[in-house]
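Everything below concerns the one structure shown next.
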Amino acid sequence: MSDTTQDGALATSKPPSEDARLTPAELAAKYGLSVSGARPTLAGYVRQLWDRRHFIMAFSRAKLMAQYSEAKLGQVWQVATPLLNALVYYLIFGLILKAGRGMEKGVYIPFLVTGIFVFTFTQSSLMAGVRAIPSNLGLVRALHFPRASLPISFSMQQLGQLLYSMIVVVIVTIAFGSYPRLSWLLVVPALALQFLFNTGLALIFARMGAKTPDLAQLMPFLTRTWMYASGVMFSISTVLADRPAWIADVLQWNPAAIYMDLVRFAMIDDYGRENLPPHVWAFAVGWAVVIGLGGFVYFWKAEERYGRG
């Protein structure tokens, strides 16, 4: 196409490009473009997380070491904090309220210490998950990486904390007459299943906390209620013996109680099978799979929204 200007020069103009008639979506499809920060497929997301496994491990270790870096006793507090909690609960529930009725002192103290340390593992993973995105917005907005790396690394941090605490559990258990035996090996699958459950729970609440940061203020009340309902300080079957059976069943089948009781059963000689609900391992696996995988998918579905708005 051509036209004549005022001074007689000949001007030409290009015909409209084909691209001018295309929508943004059609242009992107034509040139193989994709939305920046778009959610990958579930399989692709898993591959991204695997590619960043070294970052996840290093981040969790750094958080674990930095947790008490400003305290003079440093990493000692990783063990001292839950141990002091156990002492306080023993004074209140063991000596004053007699929550350990039906159990000898040599059983109740390891029972209580184990329950507090194992429940704290779940409680801390949940609390870390709620704050995973809001507390790391600078990192989320500055770098491109699968956001699930954060709650997963925080769950691994709490697993490292628990491994420190298990040293105390072993010492207390032996001190009160329960010595190492083959059943202690059951602790490994029990804690592995609990870790998978905790990670799924952290992912669920990480998504919820990213949308509603105030949720972190409510969580201490919810976790405290959960603790009292899970038999951390008392035997559910003994204390609720005169109540309708379904109440004890519901409380015993809740995941926190299941993982605590599996560790207690494995390590404490006089804490027998009669204290466990039926099909306890099936429930332990079920909770781990449903919450672990379900939480992962739930978190992945909002991947492109974290750190925005």
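In the structure tokens, chains take the letters A, B, ... in the order shown, each chain's residues start at 1, and ligands count up from 1 in the order shown.
By only C-alpha atoms, and with residues fewer than 4 positions from range 232-240 of chain A along its chain excluded, the set lying at most 7 Å from it is Phe93, Ala99, Gly100, Gly102, Leu112, Gly115, Ile116, Met227, Tyr228, Ala248, Gln252 and Asn275 of chain A.
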Surrounding residues of Asp51 in chain A excluding itself and chain neighbours under 5 positions, 12 Å, only C-alpha atoms, as a PyMOL selection string: chain A and resi 44-46+56-57+145-146+149
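The spacing separating CA of Pro151 in chain A from CA of Leu186 in chain A amounts to 26.3 Å.
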Contacts of Ala128 in chain A at 9 Å (only C-alpha atoms; same-chain gap of 6+ positions) as a list in words: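 Surrounding residues, per the criterion: Pro151, Phe154, Ser155, Gln158, Ala202 and Ala206 of chain A.
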Writer output for current selection, N, CA and C atoms, as a short mmCIF file (atom, residue, chain, number, x, y, z; two decimals), in the first residue's frame:
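As written to disk, again19.cif reads:
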```cif
data_model
loop_
_atom_site.label_atom_id
_atom_site.label_comp_id
_atom_site.auth_asym_id
_atom_site.auth_seq_id
_atom_site.Cartn_x
_atom_site.Cartn_y
_atom_site.Cartn_z
N PRO A 151 6.87 -25.32 53.54
CA PRO A 151 6.28 -26.15 54.60
C PRO A 151 6.95 -27.51 54.74
N PHE A 154 10.07 -26.99 56.77
CA PHE A 154 9.75 -26.74 58.18
C PHE A 154 9.35 -28.03 58.90
N SER A 155 8.66 -28.92 58.19
CA SER A 155 8.34 -30.22 58.79
C SER A 155 9.61 -31.03 59.04
N GLN A 158 11.24 -29.79 62.17
CA GLN A 158 10.62 -30.33 63.38
C GLN A 158 10.98 -31.80 63.58
N ALA A 202 0.86 -29.52 57.49
CA ALA A 202 1.56 -28.24 57.31
C ALA A 202 1.23 -27.63 55.96
N ALA A 206 -0.56 -24.19 55.46
CA ALA A 206 0.26 -23.19 54.77
C ALA A 206 -0.58 -22.46 53.74
#
```
Proximity to Gly200 in chain A - best of A:Trp77, A:Phe265, A:Tyr306, A:Phe296, only C-alpha atoms: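 Nearest to Gly200 in chain A: A:Phe296.
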Best match for closeness to Arg52 in chain A among A:Ala148, A:Val289, A:Met260, A:Ala132, counting only C-alpha atoms: A:Ala148
Distance query Phe205 in chain A at most 8 Å, only C-alpha atoms, self and fewer than 5 positions along chain excluded, as a ChimeraX atom specification: /A:126,129-130
All alpha helix (DSSP H) positions in range 71-284 of chain A, as a ChimeraX atom specification: /A:76-89,105-131,137-142,149-175,187-211,215-229,236-239,245-252,255-267,280-284
d(CA of Ile152 in chain A, CA of Leu222 in chain A) in Å: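 Here the two named atoms are 21.5 Å from each other.
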Interatomic distance (Å, one decimal) between CA of Met166 in chain A and CA of Ala266 in chain A: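 Calculated distance between CA of Met166 in chain A and CA of Ala266 in chain A is 13.1 Å.
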Distance query Asn85 in chain A at most 9 Å, only C-alpha atoms, self and fewer than 4 positions along chain excluded, as number ranges by chain: A: 80-81, 89-90, 113, 116
How would the residues just picked look written out with N, CA and C atoms as a compact mmCIF listing (two decimals), in the first residue's frame?
```txt
# COMPACT_ATOMS: atom_id res chain seq x y z
N ALA A 80 15.57 -29.17 76.26
CA ALA A 80 15.13 -28.65 77.56
C ALA A 80 13.69 -28.14 77.52
N THR A 81 13.27 -27.53 76.41
CA THR A 81 11.92 -26.95 76.34
C THR A 81 10.83 -28.00 76.52
N TYR A 89 3.70 -30.51 83.40
CA TYR A 89 2.49 -31.33 83.27
C TYR A 89 2.47 -32.46 84.30
N TYR A 90 3.63 -33.00 84.64
CA TYR A 90 3.66 -34.06 85.65
C TYR A 90 3.25 -33.51 87.02
N VAL A 113 6.17 -38.22 79.15
CA VAL A 113 7.29 -37.63 78.38
C VAL A 113 7.16 -37.98 76.91
N ILE A 116 4.24 -35.97 75.28
CA ILE A 116 4.52 -34.55 75.06
C ILE A 116 5.47 -34.35 73.89
```
Surrounding residues of Asp270 in chain A excluding itself and chain neighbours under 5 positions, 9 Å, only C-alpha atoms, as a list in words: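 Listed by chain and then number, they are Met103, Val107, Ser178 and Phe265 of chain A.
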Export, as a PDB file, in the first residue's frame, the selected residues with N, CA and C atoms.
```pdb
ATOM      1  N   MET A 103      -1.984 -46.410  86.224  1.00  0.00           N
ATOM      2  CA  MET A 103      -0.612 -46.674  85.792  1.00  0.00           C
ATOM      3  C   MET A 103       0.344 -46.432  86.945  1.00  0.00           C
ATOM      4  N   VAL A 107       5.556 -46.273  84.815  1.00  0.00           N
ATOM      5  CA  VAL A 107       4.937 -46.287  83.491  1.00  0.00           C
ATOM      6  C   VAL A 107       4.450 -44.888  83.116  1.00  0.00           C
ATOM      7  N   SER A 178      12.197 -49.748  81.365  1.00  0.00           N
ATOM      8  CA  SER A 178      11.880 -50.320  80.051  1.00  0.00           C
ATOM      9  C   SER A 178      13.143 -50.283  79.190  1.00  0.00           C
ATOM     10  N   PHE A 265       3.618 -47.789  72.963  1.00  0.00           N
ATOM     11  CA  PHE A 265       3.533 -49.246  72.914  1.00  0.00           C
ATOM     12  C   PHE A 265       4.882 -49.860  72.558  1.00  0.00           C
TER      13      PHE A 265
END
```
Best match for closeness to Trp287 in chain A among A:Leu262, A:Leu193, A:Met208, A:Leu49, counting only C-alpha atoms: A:Leu193
Spatial neighbours of Arg181 in chain A, max dist 10 Å, only C-alpha atoms, sep filter under 2 positions, as a PyMOL selection string: chain A and resi 178-179+183-185+266-267+269
Take the residues that were just selected and, keeping C-alpha atoms, output them as a compact mmCIF listing (two decimals), in the first residue's frame.
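For reference, again.txt as written:
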```txt
# COMPACT_ATOMS: atom_id res chain seq x y z
CA SER A 178 11.88 -50.32 80.05
CA TYR A 179 15.01 -51.52 78.28
CA SER A 183 9.65 -53.63 69.64
CA TRP A 184 11.60 -50.36 69.78
CA LEU A 185 12.12 -50.72 66.03
CA ALA A 266 6.89 -49.75 71.21
CA MET A 267 9.02 -48.33 74.03
CA ASP A 269 7.15 -52.47 78.56
```
